[in-house]
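Data block for coords12.json (JSON, C-alpha atoms and all ligand atoms):
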[["chain", "number", "residue", "atom", "x", "y", "z"],
["A", 1, "MET", "CA", -4.64, 18.11, -3.59],
["A", 2, "PRO", "CA", -7.47, 20.68, -3.64],
["A", 3, "VAL", "CA", -11.08, 19.46, -3.37],
["A", 4, "CYS", "CA", -11.95, 21.44, -6.51],
["A", 5, "SER", "CA", -9.56, 19.30, -8.59],
["A", 6, "PRO", "CA", -11.40, 17.57, -11.44],
["A", 7, "ILE", "CA", -12.47, 13.97, -11.89],
["A", 8, "ALA", "CA", -10.96, 12.65, -15.15],
["A", 9, "ILE", "CA", -13.06, 10.20, -17.18],
["A", 10, "LEU", "CA", -11.77, 8.40, -20.27],
["A", 11, "ASP", "CA", -13.11, 6.12, -22.97],
["A", 12, "SER", "CA", -12.39, 5.17, -26.55],
["A", 13, "GLY", "CA", -15.18, 7.48, -27.73],
["A", 14, "LEU", "CA", -18.72, 8.44, -26.76],
["A", 15, "GLY", "CA", -19.50, 5.49, -24.47],
["A", 16, "GLY", "CA", -17.90, 6.86, -21.31],
["A", 17, "LEU", "CA", -20.36, 9.75, -21.45],
["A", 18, "THR", "CA", -22.92, 7.31, -19.99],
["A", 19, "VAL", "CA", -20.68, 7.22, -16.91],
["A", 20, "ALA", "CA", -19.94, 10.96, -17.05],
["A", 21, "GLY", "CA", -23.71, 11.59, -17.12],
["A", 22, "ALA", "CA", -24.28, 9.45, -14.04],
["A", 23, "ILE", "CA", -21.39, 11.13, -12.19],
["A", 24, "ARG", "CA", -22.74, 14.57, -13.10],
["A", 25, "ALA", "CA", -26.19, 13.59, -11.87],
["A", 26, "ALA", "CA", -24.88, 12.14, -8.60],
["A", 27, "LEU", "CA", -22.15, 14.74, -7.98],
["A", 28, "PRO", "CA", -23.23, 17.92, -9.80],
["A", 29, "GLN", "CA", -20.71, 20.05, -7.93],
["A", 30, "GLU", "CA", -17.69, 18.15, -9.30],
["A", 31, "ASN", "CA", -15.56, 19.40, -12.20],
["A", 32, "ILE", "CA", -15.17, 16.78, -14.92],
["A", 33, "LEU", "CA", -12.58, 16.27, -17.64],
["A", 34, "TYR", "CA", -13.73, 13.84, -20.32],
["A", 35, "PHE", "CA", -11.35, 12.31, -22.85],
["A", 36, "GLY", "CA", -12.77, 10.40, -25.85],
["A", 37, "ASP", "CA", -10.13, 8.74, -28.00],
["A", 38, "THR", "CA", -12.25, 9.12, -31.14],
["A", 39, "ALA", "CA", -9.31, 8.74, -33.54],
["A", 40, "ARG", "CA", -8.57, 5.24, -32.25],
["A", 41, "VAL", "CA", -12.05, 3.87, -31.42],
["A", 42, "PRO", "CA", -12.89, 0.97, -31.18],
["A", 43, "TYR", "CA", -10.58, -0.46, -28.52],
["A", 44, "GLY", "CA", -12.54, -3.72, -28.37],
["A", 45, "ALA", "CA", -10.52, -5.73, -30.88],
["A", 46, "LYS", "CA", -7.11, -4.40, -29.83],
["A", 47, "THR", "CA", -4.49, -6.08, -27.66],
["A", 48, "ALA", "CA", -3.80, -5.38, -24.00],
["A", 49, "ALA", "CA", -0.42, -3.84, -24.91],
["A", 50, "THR", "CA", -2.01, -1.35, -27.31],
["A", 51, "VAL", "CA", -4.93, -0.38, -25.08],
["A", 52, "SER", "CA", -2.61, -0.03, -22.06],
["A", 53, "LYS", "CA", -0.41, 2.34, -24.06],
["A", 54, "PHE", "CA", -3.42, 4.45, -25.11],
["A", 55, "VAL", "CA", -4.63, 4.65, -21.50],
["A", 56, "ARG", "CA", -1.17, 5.68, -20.22],
["A", 57, "GLN", "CA", -0.99, 8.36, -22.90],
["A", 58, "ILE", "CA", -4.41, 9.78, -22.01],
["A", 59, "ILE", "CA", -3.78, 9.82, -18.27],
["A", 60, "ASP", "CA", -0.38, 11.41, -18.85],
["A", 61, "TYR", "CA", -2.05, 14.09, -20.99],
["A", 62, "LEU", "CA", -4.64, 14.91, -18.30],
["A", 63, "ARG", "CA", -2.22, 14.66, -15.37],
["A", 64, "PRO", "CA", -1.07, 18.32, -15.43],
["A", 65, "GLN", "CA", -4.66, 19.27, -14.47],
["A", 66, "GLU", "CA", -4.16, 17.26, -11.26],
["A", 67, "PRO", "CA", -7.25, 15.03, -11.32],
["A", 68, "LYS", "CA", -8.25, 13.88, -7.86],
["A", 69, "HIS", "CA", -9.61, 10.66, -9.35],
["A", 70, "VAL", "CA", -9.45, 8.96, -12.76],
["A", 71, "VAL", "CA", -12.32, 6.76, -14.00],
["A", 72, "ILE", "CA", -11.52, 4.39, -16.85],
["A", 73, "ALA", "CA", -15.09, 4.52, -18.20],
["A", 74, "CYS", "CA", -14.49, 1.76, -20.71],
["A", 75, "ASN", "CA", -14.92, -1.92, -19.92],
["A", 76, "THR", "CA", -12.31, -2.95, -22.46],
["A", 77, "ALA", "CA", -9.72, -0.57, -21.04],
["A", 78, "THR", "CA", -10.68, -1.56, -17.49],
["A", 79, "ALA", "CA", -10.25, -5.25, -18.31],
["A", 80, "LEU", "CA", -6.99, -4.83, -20.21],
["A", 81, "ALA", "CA", -5.32, -1.78, -18.72],
["A", 82, "LEU", "CA", -6.51, -0.88, -15.20],
["A", 83, "ASP", "CA", -3.73, -2.76, -13.40],
["A", 84, "ASP", "CA", -1.10, -1.33, -15.72],
["A", 85, "ALA", "CA", -2.45, 2.23, -15.23],
["A", 86, "ARG", "CA", -2.33, 1.87, -11.44],
["A", 87, "LYS", "CA", 1.27, 0.65, -11.65],
["A", 88, "SER", "CA", 2.26, 3.39, -14.10],
["A", 89, "PHE", "CA", 0.72, 6.20, -12.01],
["A", 90, "PRO", "CA", 1.18, 5.05, -8.40],
["A", 91, "GLY", "CA", 0.24, 8.46, -6.93],
["A", 92, "LEU", "CA", -3.11, 8.62, -8.74],
["A", 93, "SER", "CA", -6.43, 7.22, -7.60],
["A", 94, "ILE", "CA", -7.79, 5.21, -10.57],
["A", 95, "SER", "CA", -10.88, 3.01, -10.88],
["A", 96, "GLY", "CA", -12.77, 1.19, -13.61],
["A", 97, "VAL", "CA", -16.30, 0.11, -14.46],
["A", 98, "ILE", "CA", -16.22, -3.68, -14.19],
["A", 99, "GLU", "CA", -16.36, -4.04, -10.39],
["A", 100, "PRO", "CA", -19.33, -1.61, -10.11],
["A", 101, "GLY", "CA", -21.08, -3.43, -13.00],
["A", 102, "ALA", "CA", -20.53, -6.84, -11.40],
["A", 103, "LYS", "CA", -21.86, -5.55, -8.08],
["A", 104, "ALA", "CA", -25.02, -4.19, -9.74],
["A", 105, "ALA", "CA", -25.54, -7.46, -11.67],
["A", 106, "VAL", "CA", -25.31, -9.61, -8.56],
["A", 107, "ALA", "CA", -27.75, -7.32, -6.74],
["A", 108, "ALA", "CA", -30.19, -7.57, -9.66],
["A", 109, "ALA", "CA", -29.93, -11.39, -9.72],
["A", 110, "GLY", "CA", -31.58, -11.37, -6.29],
["A", 111, "LYS", "CA", -31.84, -14.51, -4.23],
["A", 112, "LYS", "CA", -32.01, -17.09, -7.03],
["A", 113, "PRO", "CA", -29.54, -19.82, -5.97],
["A", 114, "SER", "CA", -27.79, -20.18, -9.32],
["A", 115, "PRO", "CA", -28.81, -17.28, -11.59],
["A", 116, "LEU", "CA", -27.80, -17.19, -15.24],
["A", 117, "ILE", "CA", -26.09, -13.84, -15.77],
["A", 118, "GLY", "CA", -25.57, -12.72, -19.34],
["A", 119, "VAL", "CA", -22.89, -10.24, -20.36],
["A", 120, "ILE", "CA", -22.56, -8.58, -23.74],
["A", 121, "ALA", "CA", -19.25, -6.81, -24.30],
["A", 122, "THR", "CA", -16.42, -6.27, -26.76],
["A", 123, "GLU", "CA", -14.29, -9.19, -27.89],
["A", 124, "ALA", "CA", -11.40, -8.09, -25.70],
["A", 125, "THR", "CA", -13.56, -7.77, -22.57],
["A", 126, "VAL", "CA", -15.11, -11.20, -23.11],
["A", 127, "ARG", "CA", -11.68, -12.76, -23.79],
["A", 128, "SER", "CA", -10.30, -11.25, -20.57],
["A", 129, "LYS", "CA", -12.95, -13.08, -18.47],
["A", 130, "ALA", "CA", -12.99, -10.01, -16.21],
["A", 131, "TYR", "CA", -16.76, -10.29, -15.62],
["A", 132, "GLU", "CA", -16.58, -14.00, -14.77],
["A", 133, "VAL", "CA", -13.92, -13.19, -12.19],
["A", 134, "ALA", "CA", -15.69, -10.13, -10.73],
["A", 135, "ILE", "CA", -19.12, -11.80, -10.57],
["A", 136, "GLY", "CA", -17.70, -15.17, -9.44],
["A", 137, "ARG", "CA", -16.04, -13.43, -6.48],
["A", 138, "ARG", "CA", -19.43, -12.16, -5.32],
["A", 139, "ARG", "CA", -21.69, -15.13, -6.25],
["A", 140, "THR", "CA", -19.82, -18.41, -6.49],
["A", 141, "LEU", "CA", -22.83, -20.29, -7.87],
["A", 142, "ALA", "CA", -23.74, -17.81, -10.59],
["A", 143, "ARG", "CA", -23.72, -19.23, -14.11],
["A", 144, "MET", "CA", -22.47, -16.96, -16.84],
["A", 145, "VAL", "CA", -23.01, -16.54, -20.56],
["A", 146, "CYS", "CA", -20.70, -13.91, -22.03],
["A", 147, "ARG", "CA", -21.07, -12.91, -25.65],
["A", 148, "PRO", "CA", -18.88, -10.63, -27.79],
["A", 149, "THR", "CA", -21.03, -8.10, -29.67],
["A", 150, "PRO", "CA", -18.48, -6.21, -31.77],
["A", 151, "LEU", "CA", -20.95, -4.54, -34.14],
["A", 152, "ILE", "CA", -22.51, -2.36, -31.48],
["A", 153, "VAL", "CA", -19.71, 0.16, -30.75],
["A", 154, "PRO", "CA", -19.32, 1.14, -34.44],
["A", 155, "LEU", "CA", -23.11, 1.54, -34.72],
["A", 156, "VAL", "CA", -23.14, 3.96, -31.76],
["A", 157, "GLU", "CA", -20.10, 5.88, -33.03],
["A", 158, "GLU", "CA", -21.79, 6.10, -36.41],
["A", 159, "GLY", "CA", -24.70, 7.87, -34.75],
["A", 160, "ARG", "CA", -27.34, 5.23, -35.37],
["A", 161, "GLY", "CA", -30.24, 5.32, -32.92],
["A", 162, "GLY", "CA", -32.36, 2.53, -31.44],
["A", 163, "ASP", "CA", -34.97, 3.02, -34.18],
["A", 164, "ASP", "CA", -32.45, 2.00, -36.85],
["A", 165, "PRO", "CA", -33.29, -1.44, -38.37],
["A", 166, "VAL", "CA", -29.60, -2.38, -38.57],
["A", 167, "VAL", "CA", -29.22, -1.80, -34.82],
["A", 168, "GLN", "CA", -32.36, -3.80, -34.11],
["A", 169, "LEU", "CA", -31.26, -6.69, -36.30],
["A", 170, "ALA", "CA", -27.77, -6.81, -34.77],
["A", 171, "LEU", "CA", -29.14, -6.78, -31.21],
["A", 172, "LYS", "CA", -31.74, -9.43, -32.01],
["A", 173, "GLN", "CA", -29.08, -11.74, -33.49],
["A", 174, "TYR", "CA", -26.89, -11.29, -30.42],
["A", 175, "LEU", "CA", -29.56, -11.46, -27.72],
["A", 176, "LEU", "CA", -31.99, -14.11, -28.92],
["A", 177, "PRO", "CA", -29.78, -17.15, -28.10],
["A", 178, "MET", "CA", -29.04, -15.72, -24.64],
["A", 179, "TYR", "CA", -32.71, -15.10, -24.02],
["A", 180, "GLN", "CA", -33.55, -18.64, -25.15],
["A", 181, "GLU", "CA", -31.00, -20.02, -22.69],
["A", 182, "GLY", "CA", -33.07, -18.49, -19.90],
["A", 183, "MET", "CA", -30.87, -15.58, -18.89],
["A", 184, "ASP", "CA", -32.00, -13.96, -15.61],
["A", 185, "VAL", "CA", -30.04, -10.70, -15.87],
["A", 186, "LEU", "CA", -28.23, -8.97, -18.73],
["A", 187, "VAL", "CA", -25.15, -6.84, -18.08],
["A", 188, "LEU", "CA", -24.26, -4.21, -20.66],
["A", 189, "GLY", "CA", -20.52, -4.82, -20.39],
["A", 190, "CYS", "CA", -19.55, -1.89, -22.58],
["A", 191, "THR", "CA", -20.20, 1.75, -21.76],
["A", 192, "HIS", "CA", -21.44, 2.42, -25.30],
["A", 193, "TYR", "CA", -24.35, -0.02, -25.01],
["A", 194, "PRO", "CA", -26.63, 1.97, -22.64],
["A", 195, "VAL", "CA", -27.41, 4.12, -25.69],
["A", 196, "TYR", "CA", -29.67, 1.19, -26.67],
["A", 197, "LYS", "CA", -30.76, 0.28, -23.14],
["A", 198, "ASP", "CA", -34.45, 1.08, -23.70],
["A", 199, "LEU", "CA", -34.54, -0.95, -26.89],
["A", 200, "ILE", "CA", -32.77, -3.90, -25.25],
["A", 201, "GLY", "CA", -35.18, -3.68, -22.29],
["A", 202, "ARG", "CA", -38.13, -3.82, -24.68],
["A", 203, "MET", "CA", -36.63, -6.80, -26.53],
["A", 204, "LEU", "CA", -36.04, -8.82, -23.35],
["A", 205, "GLY", "CA", -39.19, -7.82, -21.48],
["A", 206, "PRO", "CA", -39.63, -6.95, -17.81],
["A", 207, "LYS", "CA", -38.44, -10.29, -16.41],
["A", 208, "VAL", "CA", -34.80, -9.72, -17.44],
["A", 209, "PRO", "CA", -33.27, -6.68, -15.72],
["A", 210, "VAL", "CA", -30.76, -4.84, -17.91],
["A", 211, "ILE", "CA", -27.77, -3.56, -15.95],
["A", 212, "ASP", "CA", -25.28, -0.89, -16.86],
["A", 213, "SER", "CA", -22.50, 0.13, -14.54],
["A", 214, "ALA", "CA", -22.94, 3.91, -14.78],
["A", 215, "ASP", "CA", -24.97, 4.62, -11.61],
["A", 216, "GLN", "CA", -23.04, 2.09, -9.53],
["A", 217, "CYS", "CA", -19.82, 3.59, -10.85],
["A", 218, "ALA", "CA", -20.93, 7.09, -9.78],
["A", 219, "GLN", "CA", -21.63, 5.75, -6.27],
["A", 220, "ASP", "CA", -18.21, 4.09, -6.27],
["A", 221, "VAL", "CA", -16.55, 7.40, -7.16],
["A", 222, "ARG", "CA", -18.51, 9.21, -4.44],
["A", 223, "ARG", "CA", -17.37, 6.65, -1.85],
["A", 224, "ARG", "CA", -13.74, 6.99, -2.93],
["A", 225, "LEU", "CA", -13.90, 10.80, -2.72],
["A", 226, "VAL", "CA", -15.56, 10.66, 0.72],
["A", 227, "ASP", "CA", -12.88, 8.22, 1.94],
["A", 228, "SER", "CA", -10.11, 10.54, 0.81],
["A", 229, "SER", "CA", -11.93, 13.72, 2.03],
["A", 230, "LEU", "CA", -11.99, 15.04, -1.54],
["A", 231, "LEU", "CA", -15.74, 15.23, -2.15],
["A", 232, "ARG", "CA", -16.88, 18.76, -2.96],
["A", 233, "THR", "CA", -19.66, 19.86, -0.66],
["A", 234, "ALA", "CA", -23.13, 19.91, -2.17],
["A", 235, "ASP", "CA", -23.38, 23.69, -1.71],
["A", 236, "ALA", "CA", -20.32, 24.34, -3.93],
["A", 237, "VAL", "CA", -20.93, 26.03, -7.28],
["A", 238, "ALA", "CA", -22.01, 23.75, -10.15],
["A", 239, "GLY", "CA", -19.14, 21.77, -11.61],
["A", 240, "THR", "CA", -17.81, 22.21, -15.12],
["A", 241, "LEU", "CA", -17.40, 19.70, -17.96],
["A", 242, "ARG", "CA", -14.46, 19.92, -20.35],
["A", 243, "CYS", "CA", -14.08, 17.44, -23.18],
["A", 244, "TYR", "CA", -11.04, 16.37, -25.18],
["A", 245, "VAL", "CA", -11.18, 14.20, -28.28],
["A", 246, "THR", "CA", -8.52, 12.90, -30.66],
["A", 247, "ASP", "CA", -10.69, 13.37, -33.78],
["A", 248, "ASP", "CA", -13.61, 15.42, -35.06],
["A", 249, "PRO", "CA", -14.75, 17.54, -32.09],
["A", 250, "PRO", "CA", -17.94, 18.88, -33.77],
["A", 251, "ARG", "CA", -19.16, 15.36, -34.54],
["A", 252, "PHE", "CA", -18.50, 14.27, -30.94],
["A", 253, "ALA", "CA", -20.45, 17.27, -29.59],
["A", 254, "ARG", "CA", -23.33, 16.62, -31.98],
["A", 255, "LEU", "CA", -23.65, 12.91, -31.13],
["A", 256, "ALA", "CA", -23.21, 13.55, -27.40],
["A", 257, "GLN", "CA", -26.10, 16.01, -27.45],
["A", 258, "ARG", "CA", -28.24, 13.62, -29.44],
["A", 259, "PHE", "CA", -27.60, 10.47, -27.41],
["A", 260, "PHE", "CA", -27.21, 11.88, -23.92],
["A", 261, "GLY", "CA", -29.15, 15.09, -24.05],
["A", 262, "PHE", "CA", -26.55, 17.18, -22.28],
["A", 263, "PRO", "CA", -24.78, 19.92, -24.13],
["A", 264, "VAL", "CA", -21.05, 19.28, -24.47],
["A", 265, "PRO", "CA", -19.07, 22.50, -24.55],
["A", 266, "LYS", "CA", -16.84, 22.66, -27.64],
["A", 267, "PRO", "CA", -14.44, 19.71, -27.20],
["A", 268, "THR", "CA", -10.72, 20.39, -27.51],
["A", 269, "TRP", "CA", -8.95, 18.47, -30.25],
["A", 270, "VAL", "CA", -5.85, 16.61, -29.09],
["A", 271, "SER", "CA", -3.52, 15.31, -31.78],
["A", 272, "ILE", "CA", -2.32, 11.72, -31.31],
["A", 273, "GLU", "CA", 1.19, 13.10, -31.94],
["A", 274, "ASP", "CA", 0.87, 15.19, -28.78],
["A", 275, "LEU", "CA", 0.21, 12.14, -26.60],
["A", 276, "HIS", "CA", 3.19, 10.74, -24.76],
["A", 277, "ASP", "CA", 3.58, 7.32, -23.18],
["A", 278, "PRO", "CA", 5.45, 7.88, -19.89],
["A", 279, "SER", "CA", 6.72, 4.30, -19.88],
["A", 280, "ALA", "CA", 8.59, 5.09, -23.10],
["A", 281, "GLY", "CA", 10.79, 7.64, -21.26],
["A", 282, "ALA", "CA", 11.19, 11.32, -22.15],
["A", 283, "PRO", "CA", 10.03, 12.32, -25.63],
["A", 284, "VAL", "CA", 12.98, 12.10, -28.01],
["A", 285, "GLN", "CA", 13.90, 15.09, -30.16],
["A", 286, "VAL", "CA", 15.17, 13.60, -33.39],
["A", 287, "ARG", "CA", 17.87, 15.69, -35.03],
["A", 288, "ILE", "CA", 19.53, 14.63, -38.23],
["A", 289, "HIS", "CA", 23.05, 15.93, -38.51],
["A", 290, "ALA", "CA", 23.83, 15.72, -42.18],
["A", 291, "PRO", "CA", 27.27, 16.77, -43.39],
["A", 292, "ALA", "CA", 27.06, 20.15, -45.09],
["A", 293, "ALA", "CA", 28.20, 18.66, -48.42],
["A", 294, "ALA", "CA", 25.37, 16.07, -48.37],
["A", 295, "VAL", "CA", 22.80, 18.77, -47.62],
["A", 296, "MET", "CA", 24.15, 20.83, -50.51],
["A", 297, "ARG", "CA", 23.92, 17.82, -52.85],
["A", 298, "SER", "CA", 20.31, 16.98, -51.92],
["A", 299, "ALA", "CA", 19.32, 20.59, -52.38],
["A", 300, "VAL", "CA", 20.52, 20.65, -55.97],
["B", 1, "LIG", "N1", -16.88, 1.87, -24.22],
["B", 1, "LIG", "C1", -15.91, 0.84, -24.48],
["B", 1, "LIG", "C2", -16.16, -0.33, -23.53],
["B", 1, "LIG", "O1", -16.82, -0.12, -22.52],
["B", 1, "LIG", "C3", -15.93, 0.55, -25.92],
["B", 1, "LIG", "C4", -14.86, -0.31, -26.41],
["B", 1, "LIG", "C5", -14.41, -0.07, -27.80],
["B", 1, "LIG", "O2", -13.93, 1.02, -28.11],
["B", 1, "LIG", "O3", -14.47, -1.05, -28.55],
["B", 1, "LIG", "O4", -15.70, -1.44, -23.72]]

Will you turn the file into structure tokens for me?
Amino acid sequence: MPVCSPIAILDSGLGGLTVAGAIRAALPQENILYFGDTARVPYGAKTAATVSKFVRQIIDYLRPQEPKHVVIACNTATALALDDARKSFPGLSISGVIEPGAKAAVAAAGKKPSPLIGVIATEATVRSKAYEVAIGRRRTLARMVCRPTPLIVPLVEEGRGGDDPVVQLALKQYLLPMYQEGMDVLVLGCTHYPVYKDLIGRMLGPKVPVIDSADQCAQDVRRRLVDSSLLRTADAVAGTLRCYVTDDPPRFARLAQRFFGFPVPKPTWVSIEDLHDPSAGAPVQVRIHAPAAAVMRSAV
């Protein structure tokens, strides 16, 4: 596989751009393919079977471009579908965002013997207990408070900023009980949430570090590329960014520019009908053979 092969990054919508931004900052020479499944966002209340199918379809769509690494830049899809994706595409290097997020959270908790680590995430991520497992593996005595915060992804996808009173009210409702419990660290367990990271930081104050997995995830990708001798050298030409979305490319580009500040070159629209699930076998061409007489009758 050539070193100039792209890194593929996928999410249900805009959220994975927080990870794409960190990867671009850390590895500016890498080519990036970004896929936002905007027609089917949010993933957070869907089942593992559904999200796994979506992830297989997206990876299968990007596979002809021979990505050297795939990042599932969505906590929900990491929690529900990473294992399935690795099994479905055994030749592909695939990683998620939960392990890097857990690593960053444990580092931020410092030396406190039994820190209280808070996680806000989608319903599906919280139900999966993926953060409890990933953090528990690193700090056996950590206490955890994990809270589903399902209103936040739709607010981001709707384009509401941190100055919006609805956003502020929703976050306050979600975070106040965790703050009152004495949380030491808060993990943003959804890649959409860093859009409100400054606001959340202001609400919680300087004593509660707010962690998102993006930078740690970029370091994780770098390490994987170094290990497989696929990292582009720093003197290579600047990498490119190509985006694919399943609905409303202009809206995606507009919101990406507004929230993340980097211009997104005209995203390509991908119809859901063009996505194929490799585990379903070859696409079936349906042909209806109607007897000539029947066709004649229905035409009359
Ligand atoms: N960015 C996804 C995550 O990290 C959002 C999930 C959703 O679409 O609900 O979980």

Determine, counting all atoms listed in the file, which protein, DNA and RNA residues have an atom within 10 Å of an atom of Gly15 of chain A; residues of the same chain fewer than 4 positions away are not included. Present the result as a list in words.
Leu10, Asp11, Val19, Ala20, Gly36, Ala73, Cys74, Asn75, Val153, Val156, Glu157, Cys190, Thr191, His192, Tyr193, Pro194, Val195, Ala256 and Phe259 of chain A

Any idea what the distance is between atom CA of Ser128 of chain A and atom CA of Leu141 of chain A?
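That distance, rounded to one decimal, is 20.0 Å.
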
Taking all atoms listed in the file into account, which residues have an atom no farther than 9 Å from ligand LIG 1 (chain B)? I'd like them as a PyMOL selection string.
chain A and resi 11-16+37-38+40-46+72-79+97+121-125+150+152-154+188-193

Put those residues in a file: C-alpha atoms, as a short mmCIF file (atom, residue, chain, number, x, y, z; two decimals), in the coordinates of the input.
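What follows is the written file part37.cif:
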data_model
loop_
_atom_site.label_atom_id
_atom_site.label_comp_id
_atom_site.auth_asym_id
_atom_site.auth_seq_id
_atom_site.Cartn_x
_atom_site.Cartn_y
_atom_site.Cartn_z
CA ASP A 11 -13.11 6.12 -22.97
CA SER A 12 -12.39 5.17 -26.55
CA GLY A 13 -15.18 7.48 -27.73
CA LEU A 14 -18.72 8.44 -26.76
CA GLY A 15 -19.50 5.49 -24.47
CA GLY A 16 -17.90 6.86 -21.31
CA ASP A 37 -10.13 8.74 -28.00
CA THR A 38 -12.25 9.12 -31.14
CA ARG A 40 -8.57 5.24 -32.25
CA VAL A 41 -12.05 3.87 -31.42
CA PRO A 42 -12.89 0.97 -31.18
CA TYR A 43 -10.58 -0.46 -28.52
CA GLY A 44 -12.54 -3.72 -28.37
CA ALA A 45 -10.52 -5.73 -30.88
CA LYS A 46 -7.11 -4.40 -29.83
CA ILE A 72 -11.52 4.39 -16.85
CA ALA A 73 -15.09 4.52 -18.20
CA CYS A 74 -14.49 1.76 -20.71
CA ASN A 75 -14.92 -1.92 -19.92
CA THR A 76 -12.31 -2.95 -22.46
CA ALA A 77 -9.72 -0.57 -21.04
CA THR A 78 -10.68 -1.56 -17.49
CA ALA A 79 -10.25 -5.25 -18.31
CA VAL A 97 -16.30 0.11 -14.46
CA ALA A 121 -19.25 -6.81 -24.30
CA THR A 122 -16.42 -6.27 -26.76
CA GLU A 123 -14.29 -9.19 -27.89
CA ALA A 124 -11.40 -8.09 -25.70
CA THR A 125 -13.56 -7.77 -22.57
CA PRO A 150 -18.48 -6.21 -31.77
CA ILE A 152 -22.51 -2.36 -31.48
CA VAL A 153 -19.71 0.16 -30.75
CA PRO A 154 -19.32 1.14 -34.44
CA LEU A 188 -24.26 -4.21 -20.66
CA GLY A 189 -20.52 -4.82 -20.39
CA CYS A 190 -19.55 -1.89 -22.58
CA THR A 191 -20.20 1.75 -21.76
CA HIS A 192 -21.44 2.42 -25.30
CA TYR A 193 -24.35 -0.02 -25.01
#

Please, which residues in segment 71-110 of chain A fall within 8 Å of segment 210-216 of chain A when counting all atoms listed in the file, and what is the closest atom pair and distance in Å to one decimal for each, ordered by chain then residue number, as CSV?
residue,atom,partner,partner_atom,distance
A:Val97,CA,A:Ser213,CA,6.2
A:Ile98,CA,A:Ser213,CA,7.4
A:Pro100,CA,A:Gln216,CA,5.3
A:Gly101,CA,A:Ser213,CA,4.1
A:Ala102,CA,A:Ser213,CA,7.9
A:Lys103,CA,A:Gln216,CA,7.9
A:Ala104,CA,A:Gln216,CA,6.6
A:Ala105,CA,A:Ile211,CA,6.2
A:Ala108,CA,A:Ile211,CA,7.8

Atoms kept (C-alpha atoms) for selection, written as a CSV table (one decimal), keeping the file's coordinate frame:
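Below is the file that was written, again-v7.csv:
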chain,number,residue,atom,x,y,z
A,97,VAL,CA,-16.3,0.1,-14.5
A,98,ILE,CA,-16.2,-3.7,-14.2
A,100,PRO,CA,-19.3,-1.6,-10.1
A,101,GLY,CA,-21.1,-3.4,-13.0
A,102,ALA,CA,-20.5,-6.8,-11.4
A,103,LYS,CA,-21.9,-5.6,-8.1
A,104,ALA,CA,-25.0,-4.2,-9.7
A,105,ALA,CA,-25.5,-7.5,-11.7
A,108,ALA,CA,-30.2,-7.6,-9.7

Can you tell me which residues surround Tyr196 of chain A at a distance of at most 9 Å, considering only C-alpha atoms, apart from same-chain residues fewer than 4 positions away, and format the answer as a PyMOL selection string?
chain A and resi 156+161-162+167+192+200-201

What is the atom CA of Tyr131 of chain A to atom CA of Gly205 of chain A distance in Å?
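Atom CA of Gly205 of chain A lies at a distance of 23.3 Å from atom CA of Tyr131 of chain A.
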
Please measure the separation of atom CA of Lys112 of chain A and atom CA of Ala142 of chain A, giving the value in Å to one decimal.
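About the pair atom CA of Lys112 of chain A and atom CA of Ala142 of chain A: they are 9.0 Å apart.
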
Of the listed residues A:Ser93, A:Thr149, A:Ser271, A:Thr246, that which approaches Phe35 of chain A most closely, counting only C-alpha atoms
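Smallest separation from Phe35 of chain A among the options: A:Thr246.
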
Nearest residue to Ser279 of chain A out of A:Ala85, A:Leu176, A:Leu230, A:Ala39, using all atoms listed in the file?
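Smallest distance to Ser279 of chain A is found for A:Ala85.
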
Neighbourhood query: residues within 12 Å of (-18.2, -15.5, -12.1), file coordinates, counting only C-alpha atoms; return as a list of chain:residue names.
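Protein, DNA and RNA residues close to (-18.2, -15.5, -12.1): A:Glu99, A:Ala102, A:Lys103, A:Ala105, A:Val106, A:Ser114, A:Pro115, A:Leu116, A:Ile117, A:Gly118, A:Val119, A:Lys129, A:Ala130, A:Tyr131, A:Glu132, A:Val133, A:Ala134, A:Ile135, A:Gly136, A:Arg137, A:Arg138, A:Arg139, A:Thr140, A:Leu141, A:Ala142, A:Arg143, A:Met144, A:Val145, A:Cys146.
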
Would you mind exporting C-alpha atoms of the selected residues as a short mmCIF file (atom, residue, chain, number, x, y, z; two decimals), keeping the file's coordinate frame?
data_model
loop_
_atom_site.label_atom_id
_atom_site.label_comp_id
_atom_site.auth_asym_id
_atom_site.auth_seq_id
_atom_site.Cartn_x
_atom_site.Cartn_y
_atom_site.Cartn_z
CA GLU A 99 -16.36 -4.04 -10.39
CA ALA A 102 -20.53 -6.84 -11.40
CA LYS A 103 -21.86 -5.55 -8.08
CA ALA A 105 -25.54 -7.46 -11.67
CA VAL A 106 -25.31 -9.61 -8.56
CA SER A 114 -27.79 -20.18 -9.32
CA PRO A 115 -28.81 -17.28 -11.59
CA LEU A 116 -27.80 -17.19 -15.24
CA ILE A 117 -26.09 -13.84 -15.77
CA GLY A 118 -25.57 -12.72 -19.34
CA VAL A 119 -22.89 -10.24 -20.36
CA LYS A 129 -12.95 -13.08 -18.47
CA ALA A 130 -12.99 -10.01 -16.21
CA TYR A 131 -16.76 -10.29 -15.62
CA GLU A 132 -16.58 -14.00 -14.77
CA VAL A 133 -13.92 -13.19 -12.19
CA ALA A 134 -15.69 -10.13 -10.73
CA ILE A 135 -19.12 -11.80 -10.57
CA GLY A 136 -17.70 -15.17 -9.44
CA ARG A 137 -16.04 -13.43 -6.48
CA ARG A 138 -19.43 -12.16 -5.32
CA ARG A 139 -21.69 -15.13 -6.25
CA THR A 140 -19.82 -18.41 -6.49
CA LEU A 141 -22.83 -20.29 -7.87
CA ALA A 142 -23.74 -17.81 -10.59
CA ARG A 143 -23.72 -19.23 -14.11
CA MET A 144 -22.47 -16.96 -16.84
CA VAL A 145 -23.01 -16.54 -20.56
CA CYS A 146 -20.70 -13.91 -22.03
#

Polymer residues at most 8 Å from Pro67 of chain A, all atoms listed in the file, same-chain spacing of 3 or more positions, as a PyMOL selection string
chain A and resi 5-8+62-63+70
